[in-house]
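Engineer: Pasting a structure below so you can have a look.
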Amino acid sequence: MQTHAAPLRLTPPPPPSTRYPVAPARVGLSITCVLTQVAFSSAVSNILPRIAYMTWIDWYIMLAFIFNCLALLEYGVVSYYLEATDKDAEVKPYEVLDQTCRWLIPLLFTSIAIVMIMAGVLNPEPQFL
């Protein structure tokens with residue numbers, strides 16, 4: 001009985017974006033997130049009383065929706081350029097955009113959410129006479 005061992009790989013595996021195109025799958029996932037966000041927004045607006053101004057939760061839901069749409073737009077652009085550009089190019093601009101947005105969008109959302117939470121905690125409640 002003979003066994004064959006796999007050769008030892010001395011180099012790290014290529015990044016996932018060069019092994020297989022994952023941007024089209026992320027577009028579908030992002031569309032699902034946006035649709036879920038719309039359903040959540042509708043459910044929250046049906047539960048809360050109707051008022052003429054935006055509350056903190058309205059601003060937060062709007063912020064989350066904007067960032068979901070930004071991620072969807074970024075995935076769409078990366079998917080388009082993945083199909084439209086030369087696969088053998090040395091510098092692939094869609095990979096640079098993808099790698100940058102993978103840390104920038106969550107960092108921005110988290111930073112703005114922390115500022116919103118701190119503003120909500122530190123802002124005194126209005127006094128009604």
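In the structure tokens, the first chain shown is A, the next is B, and so on; residue numbers restart at 1 for each chain, and ligands run from 1 in the order shown.
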Range 45-47 of chain A: which residues within 10 Å, counting only C-alpha atoms, same-chain residues fewer than 5 positions away excluded, as a list in words?
Structural biologist: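 That gives Ala39, Phe40, Ile57 and Asp58 of chain A.
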Engineer: Residues within 12 Å of range 111-126 of chain A, please, as a PyMOL selection string. Count only C-alpha atoms; anything in the same chain fewer than 6 positions from it doesn't count.
Structural biologist: chain A and resi 55-64+67+104-105
Engineer: Those residues with C-alpha atoms, as a PDB file, in the first residue's frame please?
Structural biologist:
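Output (selection-v6.pdb):
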ATOM      1  CA  THR A  55     -35.604  60.238  17.336  1.00  0.00           C
ATOM      2  CA  TRP A  56     -32.282  58.673  18.183  1.00  0.00           C
ATOM      3  CA  ILE A  57     -33.410  55.234  16.948  1.00  0.00           C
ATOM      4  CA  ASP A  58     -34.556  56.785  13.638  1.00  0.00           C
ATOM      5  CA  TRP A  59     -31.132  58.336  13.131  1.00  0.00           C
ATOM      6  CA  TYR A  60     -29.411  55.051  14.010  1.00  0.00           C
ATOM      7  CA  ILE A  61     -31.575  53.031  11.617  1.00  0.00           C
ATOM      8  CA  MET A  62     -30.938  55.586   8.867  1.00  0.00           C
ATOM      9  CA  LEU A  63     -27.190  55.441   9.549  1.00  0.00           C
ATOM     10  CA  ALA A  64     -27.182  51.636   9.395  1.00  0.00           C
ATOM     11  CA  PHE A  67     -23.749  52.015   5.520  1.00  0.00           C
ATOM     12  CA  LEU A 104     -12.892  51.503   6.410  1.00  0.00           C
ATOM     13  CA  ILE A 105     -16.685  50.969   6.275  1.00  0.00           C
TER      14      ILE A 105
END
Engineer: Kindly give the distance, in Å, that separates CA of Tyr94 in chain A and CA of Leu35 in chain A, rounded to a single decimal.
Structural biologist: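 These atoms are spaced 25.4 Å apart.
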Engineer: From the options A:Thr36, A:Ser42, A:Arg102, A:Glu95, which residue's atoms come nearest to Ser79 in chain A, counting only C-alpha atoms?
Structural biologist: A:Glu95
Engineer: May I ask for the distance between CA of Arg26 in chain A and CA of Asp88 in chain A, given in Å to one decimal place?
Structural biologist: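 Distance between the two atoms: 22.6 Å.
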Engineer: Between CA of Ser41 in chain A and CA of Val78 in chain A, what is the distance, to one decimal in Å?
Structural biologist: 27.7 Å
Engineer: Could you give me, as a VMD selection string, the residues within 10 Å of Asn68 in chain A, counting only C-alpha atoms and dropping anything in the same chain fewer than 6 positions from it?
Structural biologist: chain A and resid 30 to 35 37 62 74 105 109
Engineer: Restricting it to N, CA, C and O atoms, dump the selection as a short mmCIF file (atom, residue, chain, number, x, y, z; two decimals), in the first residue's frame.
Structural biologist:
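Once written, part26.cif looks like this:
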data_model
loop_
_atom_site.label_atom_id
_atom_site.label_comp_id
_atom_site.auth_asym_id
_atom_site.auth_seq_id
_atom_site.Cartn_x
_atom_site.Cartn_y
_atom_site.Cartn_z
N SER A 30 -25.35 41.30 0.43
CA SER A 30 -25.57 42.70 0.80
C SER A 30 -27.00 43.14 0.45
O SER A 30 -27.60 43.91 1.21
N ILE A 31 -27.54 42.67 -0.67
CA ILE A 31 -28.93 42.98 -1.01
C ILE A 31 -29.86 42.41 0.06
O ILE A 31 -30.81 43.07 0.48
N THR A 32 -29.56 41.21 0.53
CA THR A 32 -30.35 40.62 1.61
C THR A 32 -30.28 41.47 2.87
O THR A 32 -31.29 41.68 3.55
N CYS A 33 -29.10 41.99 3.19
CA CYS A 33 -28.95 42.86 4.37
C CYS A 33 -29.75 44.15 4.22
O CYS A 33 -30.39 44.60 5.18
N VAL A 34 -29.73 44.75 3.04
CA VAL A 34 -30.49 45.98 2.82
C VAL A 34 -31.99 45.70 2.95
O VAL A 34 -32.71 46.47 3.58
N LEU A 35 -32.47 44.61 2.38
CA LEU A 35 -33.89 44.28 2.48
C LEU A 35 -34.28 43.98 3.93
O LEU A 35 -35.37 44.36 4.38
N GLN A 37 -32.83 45.30 6.52
CA GLN A 37 -32.82 46.61 7.16
C GLN A 37 -34.12 47.36 6.90
O GLN A 37 -34.67 47.99 7.80
N MET A 62 -31.32 54.94 10.12
CA MET A 62 -30.94 55.59 8.87
C MET A 62 -29.43 55.44 8.62
O MET A 62 -29.00 55.16 7.50
N GLU A 74 -20.14 49.33 -2.92
CA GLU A 74 -18.75 48.92 -3.04
C GLU A 74 -18.63 47.52 -3.62
O GLU A 74 -17.82 47.26 -4.50
N ILE A 105 -15.24 50.87 6.05
CA ILE A 105 -16.68 50.97 6.28
C ILE A 105 -17.05 50.52 7.70
O ILE A 105 -17.75 51.25 8.41
N PHE A 109 -18.55 53.11 10.59
CA PHE A 109 -19.84 52.84 11.22
C PHE A 109 -19.69 52.72 12.73
O PHE A 109 -20.48 53.30 13.49
#
Engineer: Counting only C-alpha atoms, figure out which residue out of A:Tyr75, A:Leu97, A:Val44, A:Ile51 gets nearest to Gly28 in chain A.
Structural biologist: A:Tyr75
